[in-house]
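Worksheet for the structure shown next.
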Amino acid sequence: MKLGLGLYKSTLTAKNFAFARQAGATHIVAQLVDYIRGDNPRLTNDYHRGWGETRNQDKPWTYEMLASLQKAISSHGLTLEAIENLDPSHWYDVLLDGPSKNQQLEGIKQLIRNMGKLGIPILGYYFSLAGVWGWNLAPVGRGAANSVVFDADKFDLSVPIPAGMVWNMSYADPIPGATVPGVGREEMWQRLQYFLDVLLPVAEENNVQLVAHPDDPPLPELRGTARLFYTPSEYEKLFKVNASPASGFECCLGTLQEMPDSDVYDLVDRYSKNGRIGYIHFRNVIGKVPHYREAFVDEGDLDMVRIIQILKKNNYEGVLIPDHTPEMSTASGWHAGMAFALGYMRGVIQTLERS
C-alpha cells in the first residue's frame, strides 16, 4: 500500500508537494476545484450554506493542463495517482438530467482519454445533487481542536437546493424563488446507471478506474433529493448496476463508519481483495448520523490499525490519504493536522510491513 496526500486546487503548490514528500507521502490525489475560498477550502464555519461558485463551463481540464500538473508533482518525487471529483460546472446537467447532459458526458469522456494517455489511473466522483451539506466547524476535537461536526438537530435538512446550484456549489446566477425539483431514489439510480453505462466503456479502453464516494452525511434524503450511497448495501449496489471492472469505490472510511449498522472492516476486507477499492480516505470519526464529529486518526470509533492489517493481509496496493483531519493549534493548523495523520499512517504501515 502507498501513502498519499489529497490537495485542492489552490493547495497544489510546490510548497505543499515538498511538504507531502517530507512527511513520507509518495502519491498525490488532486482536486482541481476549490470548494471554499480561503487558505483551507474545507474549514470555514458556515460552509453548510454553500461551497462557493464555479463558472468553468467553457474551461475543460485539458491534456496540457493535466500534463503540466503531473510534471510539477513528479518533480518532487511524487506520483499523481488520481483526480478526485468533477467540477460541478462540467457535469451539472448529468446530475440534473438536463439538456446539456450528453454534451457534458462527452467532456468527461475526453478527460478520461487524457488521463489514460498520461497514465493517471483513477477518477473519483460523487454522484449527488445536494453533495456534502450540513457540516460545521467547531472546537470539538481532542484538546479543543477545530473539527468538522454534523448535528442534524441544528438546521432544517429539507431546505431545497436553489436553482443554479448542484453539489453544494453555484454554477449559475440564482433565479429568485426557483429551486431544484425533488427527485426520488429510483430516478437517481437511473441517472447514475446512464452515467456509468456511457463512461465505463471509455474508462476500460483507457485503463482508468471510476470510483464512487459514499454519501456524507449518509442520509436517505437531503434537501429534497434522494441519496444513493447512504448505507453499505446501497453503496455495494454500485456493482449490480454495472459490473465493469473499471468501476470501484473511493473508500472513505469515516463516511462508512458514520452509517448506521455499518461493518467497515468487512467491507474493506471483501473489496480490497478484488481491486474494487481505488484509493482510501483514511479518516476517523466519533458517532454516527444524525450526530457525529471528525476525530484525529488515533482517537475515533474505528480501529485504524486493524484496517491497515486487513489491507496488508489482502496485498492492497492502492493509495491511502488522510482526506481531512482536525486542525491543530499552530500557525499552520492544516499542515500540522496532516503531518500528524501522515506520521501515524506511515508508522503503522512500516511496523506491519516489517513484522
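Within each chain, counting starts at residue 1; across the C-alpha cells, chains are named A, B, ... in the order shown, with ligands numbered 1 upward in that order.
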
Within 12 Å of stretch 334-345 of chain A, which residues of stretch 119-168 of chain A come that close, and what is the closest atom pair and distance in Å for each? Count only C-alpha atoms and give it as a tab-separated table.
residue	atom	partner	partner_atom	distance
A:Gly141	CA	A:Gly337	CA	11.5
A:Arg142	CA	A:Gly337	CA	11.8
A:Ala145	CA	A:Gly337	CA	9.6
A:Asn146	CA	A:Trp334	CA	10.1
A:Ser147	CA	A:Gly337	CA	10.4

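The neighbours of A:Asp263 here are the residues that come within 12 Å of it, using only C-alpha atoms and leaving out any residue fewer than 3 positions away in the same chain; they are Thr231, Pro232, Ser233, Leu253, Gly254, Thr255, Leu256, Gln257, Glu258, Met259, Pro260, Asp266, Leu267, Val268, Asp269, Arg270, Asp301, Leu302, Asp303 and Ile307 of chain A.
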
Export all heavy atoms of the chosen residues as a short mmCIF file (atom, residue, chain, number, x, y, z; two decimals), in the first residue's frame?
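This went into selection-v1.cif:
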data_model
loop_
_atom_site.label_atom_id
_atom_site.label_comp_id
_atom_site.auth_asym_id
_atom_site.auth_seq_id
_atom_site.Cartn_x
_atom_site.Cartn_y
_atom_site.Cartn_z
N THR A 231 -26.00 3.76 2.85
CA THR A 231 -25.79 2.55 3.65
C THR A 231 -24.78 1.67 2.91
O THR A 231 -24.63 1.80 1.68
CB THR A 231 -27.09 1.74 3.85
OG1 THR A 231 -27.49 1.20 2.58
CG2 THR A 231 -28.19 2.59 4.44
N PRO A 232 -24.11 0.75 3.60
CA PRO A 232 -23.19 -0.14 2.90
C PRO A 232 -23.85 -0.94 1.78
O PRO A 232 -23.28 -1.10 0.70
CB PRO A 232 -22.67 -1.05 4.01
CG PRO A 232 -22.77 -0.22 5.26
CD PRO A 232 -24.02 0.58 5.07
N SER A 233 -25.07 -1.43 2.00
CA SER A 233 -25.74 -2.23 0.97
C SER A 233 -26.06 -1.40 -0.26
O SER A 233 -25.95 -1.89 -1.40
CB SER A 233 -27.01 -2.87 1.53
OG SER A 233 -27.93 -1.88 1.96
N LEU A 253 -13.37 5.87 4.75
CA LEU A 253 -13.60 5.12 5.98
C LEU A 253 -14.49 5.89 6.95
O LEU A 253 -15.36 5.32 7.61
CB LEU A 253 -12.27 4.78 6.64
CG LEU A 253 -11.31 3.91 5.82
CD1 LEU A 253 -9.99 3.74 6.57
CD2 LEU A 253 -11.93 2.56 5.51
N GLY A 254 -14.26 7.19 7.08
CA GLY A 254 -15.05 7.99 8.00
C GLY A 254 -16.52 8.00 7.63
O GLY A 254 -17.40 7.82 8.48
N THR A 255 -16.82 8.19 6.34
CA THR A 255 -18.21 8.22 5.90
C THR A 255 -18.87 6.87 6.12
O THR A 255 -20.03 6.78 6.57
CB THR A 255 -18.30 8.60 4.42
OG1 THR A 255 -17.63 9.85 4.22
CG2 THR A 255 -19.74 8.74 3.98
N LEU A 256 -18.16 5.79 5.82
CA LEU A 256 -18.72 4.46 6.04
C LEU A 256 -19.01 4.21 7.51
O LEU A 256 -20.04 3.63 7.87
CB LEU A 256 -17.76 3.40 5.50
CG LEU A 256 -17.57 3.38 3.98
CD1 LEU A 256 -16.41 2.47 3.60
CD2 LEU A 256 -18.84 2.94 3.28
N GLN A 257 -18.12 4.68 8.38
CA GLN A 257 -18.32 4.49 9.81
C GLN A 257 -19.50 5.31 10.33
O GLN A 257 -20.16 4.93 11.30
CB GLN A 257 -17.04 4.85 10.57
CG GLN A 257 -17.12 4.72 12.09
CD GLN A 257 -17.42 3.31 12.56
OE1 GLN A 257 -17.13 2.35 11.86
NE2 GLN A 257 -18.00 3.18 13.75
N GLU A 258 -19.80 6.43 9.68
CA GLU A 258 -20.93 7.27 10.08
C GLU A 258 -22.28 6.59 9.82
O GLU A 258 -23.29 6.99 10.39
CB GLU A 258 -20.89 8.60 9.32
CG GLU A 258 -19.72 9.49 9.67
CD GLU A 258 -19.41 10.50 8.58
OE1 GLU A 258 -20.22 10.64 7.63
OE2 GLU A 258 -18.33 11.12 8.65
N MET A 259 -22.30 5.58 8.96
CA MET A 259 -23.55 4.92 8.59
C MET A 259 -24.04 4.02 9.71
O MET A 259 -23.23 3.32 10.34
CB MET A 259 -23.33 4.08 7.33
CG MET A 259 -22.95 4.88 6.10
SD MET A 259 -22.60 3.79 4.69
CE MET A 259 -22.17 5.01 3.44
N PRO A 260 -25.34 3.98 9.98
CA PRO A 260 -25.87 3.05 10.98
C PRO A 260 -25.59 1.60 10.58
O PRO A 260 -25.66 1.25 9.40
CB PRO A 260 -27.37 3.35 10.99
CG PRO A 260 -27.50 4.72 10.38
CD PRO A 260 -26.38 4.84 9.40
N ASP A 266 -15.48 -5.46 7.43
CA ASP A 266 -15.94 -6.47 6.48
C ASP A 266 -15.91 -5.91 5.07
O ASP A 266 -15.47 -6.60 4.13
CB ASP A 266 -17.35 -6.94 6.85
CG ASP A 266 -17.92 -7.91 5.82
OD1 ASP A 266 -17.39 -9.03 5.72
OD2 ASP A 266 -18.87 -7.53 5.13
N LEU A 267 -16.41 -4.69 4.89
CA LEU A 267 -16.44 -4.11 3.55
C LEU A 267 -15.03 -3.94 3.01
O LEU A 267 -14.75 -4.27 1.85
CB LEU A 267 -17.19 -2.77 3.58
CG LEU A 267 -17.45 -2.14 2.20
CD1 LEU A 267 -18.81 -1.43 2.19
CD2 LEU A 267 -16.37 -1.13 1.82
N VAL A 268 -14.12 -3.41 3.82
CA VAL A 268 -12.74 -3.23 3.38
C VAL A 268 -12.11 -4.57 3.05
O VAL A 268 -11.38 -4.71 2.05
CB VAL A 268 -11.92 -2.48 4.46
CG1 VAL A 268 -10.43 -2.50 4.13
CG2 VAL A 268 -12.41 -1.04 4.59
N ASP A 269 -12.39 -5.58 3.86
CA ASP A 269 -11.82 -6.91 3.63
C ASP A 269 -12.29 -7.47 2.30
O ASP A 269 -11.49 -7.96 1.48
CB ASP A 269 -12.22 -7.82 4.78
CG ASP A 269 -11.50 -9.17 4.73
OD1 ASP A 269 -10.41 -9.27 4.13
OD2 ASP A 269 -12.02 -10.13 5.32
N ARG A 270 -13.60 -7.42 2.05
CA ARG A 270 -14.14 -8.04 0.83
C ARG A 270 -13.69 -7.34 -0.44
O ARG A 270 -13.37 -7.98 -1.44
CB ARG A 270 -15.67 -8.07 0.91
CG ARG A 270 -16.19 -9.15 1.84
CD ARG A 270 -17.68 -9.28 1.81
NE ARG A 270 -18.35 -8.13 2.42
CZ ARG A 270 -19.22 -7.35 1.81
NH1 ARG A 270 -19.54 -7.59 0.55
NH2 ARG A 270 -19.79 -6.34 2.44
N ASP A 301 -13.85 6.06 16.51
CA ASP A 301 -14.52 4.79 16.74
C ASP A 301 -13.93 3.64 15.93
O ASP A 301 -14.11 2.47 16.28
CB ASP A 301 -16.01 4.92 16.38
CG ASP A 301 -16.75 5.87 17.32
OD1 ASP A 301 -16.27 6.09 18.45
OD2 ASP A 301 -17.81 6.38 16.93
N LEU A 302 -13.24 3.96 14.84
CA LEU A 302 -12.62 2.93 14.02
C LEU A 302 -11.25 2.56 14.55
O LEU A 302 -10.47 3.44 14.96
CB LEU A 302 -12.47 3.41 12.57
CG LEU A 302 -13.62 3.13 11.60
CD1 LEU A 302 -13.32 3.80 10.27
CD2 LEU A 302 -13.86 1.65 11.41
N ASP A 303 -10.93 1.28 14.51
CA ASP A 303 -9.59 0.79 14.82
C ASP A 303 -8.78 0.86 13.53
O ASP A 303 -8.86 -0.04 12.68
CB ASP A 303 -9.67 -0.64 15.35
CG ASP A 303 -8.30 -1.21 15.73
OD1 ASP A 303 -7.28 -0.65 15.31
OD2 ASP A 303 -8.28 -2.23 16.44
N ILE A 307 -7.63 -1.76 10.25
CA ILE A 307 -7.87 -1.51 8.82
C ILE A 307 -6.60 -1.80 8.02
O ILE A 307 -6.63 -2.48 6.98
CB ILE A 307 -8.33 -0.06 8.59
CG1 ILE A 307 -9.71 0.20 9.21
CG2 ILE A 307 -8.32 0.28 7.09
CD1 ILE A 307 -10.85 -0.49 8.51
#

Name the residues in contact with stretch 309-314 of chain A at a cut-off of 9 Å, using only C-alpha atoms, excluding same-chain residues fewer than 5 positions from it; report them as a tab-separated table (two decimals) with C-alpha atoms, in the first residue's frame.
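Written file, part-v8.tsv:
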chain	number	residue	atom	x	y	z
A	1	MET	CA	0.00	0.00	0.00
A	265	TYR	CA	-13.87	-3.94	8.45
A	268	VAL	CA	-12.74	-3.23	3.38
A	269	ASP	CA	-11.82	-6.91	3.63
A	272	SER	CA	-9.66	-4.82	-1.11
A	273	LYS	CA	-9.24	-8.43	-2.31
A	274	ASN	CA	-10.56	-7.85	-5.80
A	304	MET	CA	-7.31	2.16	12.11
A	349	ILE	CA	2.37	0.72	7.68
A	352	LEU	CA	3.22	-4.07	9.88
A	353	GLU	CA	5.34	-4.44	6.74

- Message: With only C-alpha atoms as the counted atoms, please give the residues lying no more than 8 Å from A:Arg185, apart from itself and same-chain residues fewer than 3 positions off, as a PyMOL selection string.
- Response: chain A and resi 188-189+225-228

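Closest approach to A:Lys109 among A:Asp97, A:Glu205, A:Asp261, A:Asp151 is made by A:Glu205 (distances from only C-alpha atoms).
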
- Task: Could you tell me, as a PyMOL selection string, which residues of stretch 84-315 of chain A DSSP assigns to strand (DSSP E) when given the backbone?
- Result: chain A and resi 84+122-125+135-138+147-151+165-166+169-170+209-212+221-222+225-226+247-252+277-281+284-288+291-295

- Query: Residues at most 8 Å from stretch 207-218 of chain A, counting only C-alpha atoms, excluding those fewer than 6 positions away in the same chain, as an MDAnalysis selection string?
  - Reply: chainID A and resid 112 115:116 120:128 131:134 150 200 227:231 235 245:252 255:256 258:259 277:278 289

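Take atom CA of A:Val180 and atom CA of A:Leu219: the distance between them is 18.4 Å.
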
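The closest residue to A:Gln104, picked from A:Val305, A:Leu199, A:Leu157, A:Leu118 and counting only C-alpha atoms, is A:Leu199.
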
- Would you work out the distance separating atom CA of A:Ala163 from atom CA of A:Ser100, expressed in Å to one decimal? 15.6 Å

- Nearest to A:Asn85 by atom-to-atom distance, counting only C-alpha atoms, from A:Val264, A:Ala144, A:Leu7, A:Leu192: A:Leu7

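Coordinates place atom CA of A:Trp51 at a distance of 22.4 Å from atom CA of A:Asn16.
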
- Do you know which residues are at most 12 Å from stretch 59-64 of chain A counting only C-alpha atoms, after dropping those on the same chain fewer than 3 positions away, and could you put them as a ChimeraX atom specification? /A:31-33,54-56,67-71,83,86-91,104-120

- Of the candidates A:Val94, A:Ala14, A:Ala152, A:Met169, which one gets nearest to A:Asp34 if we count only C-alpha atoms? A:Met169

- Note on the structure: Judged by only C-alpha atoms, the minimum distance to A:Asp298 among A:Trp167, A:Phe239, A:Val348, A:Asn315 is found for A:Val348

Using only C-alpha atoms, tabulate the residues of stretch 275-304 of chain A lying at most 12 Å from any atom of stretch 324-329 of chain A, each with its closest atom pair and that distance in Å to one decimal, by chain and increasing residue number, as CSV.
residue,atom,partner,partner_atom,distance
A:Ile280,CA,A:His324,CA,11.9
A:His281,CA,A:His324,CA,8.3
A:Phe282,CA,A:His324,CA,8.6
A:Arg283,CA,A:His324,CA,7.0
A:Asn284,CA,A:Thr325,CA,8.3
A:Val285,CA,A:Thr325,CA,9.7
A:Arg293,CA,A:Pro326,CA,9.7
A:Glu294,CA,A:Pro326,CA,7.0
A:Ala295,CA,A:Pro326,CA,6.4
A:Phe296,CA,A:Pro326,CA,6.2
A:Val297,CA,A:Thr325,CA,7.6
A:Asp298,CA,A:Thr325,CA,11.0
A:Glu299,CA,A:Pro326,CA,11.3
A:Gly300,CA,A:Thr325,CA,11.5

- Item | Test item, helix (DSSP H, G or I) assignment across stretch 132-352 of chain A, answer as an MDAnalysis selection string | chainID A and resid 142:144 152:154 185:205 232:236 238:241 253:258 264:272 304:313 333:352
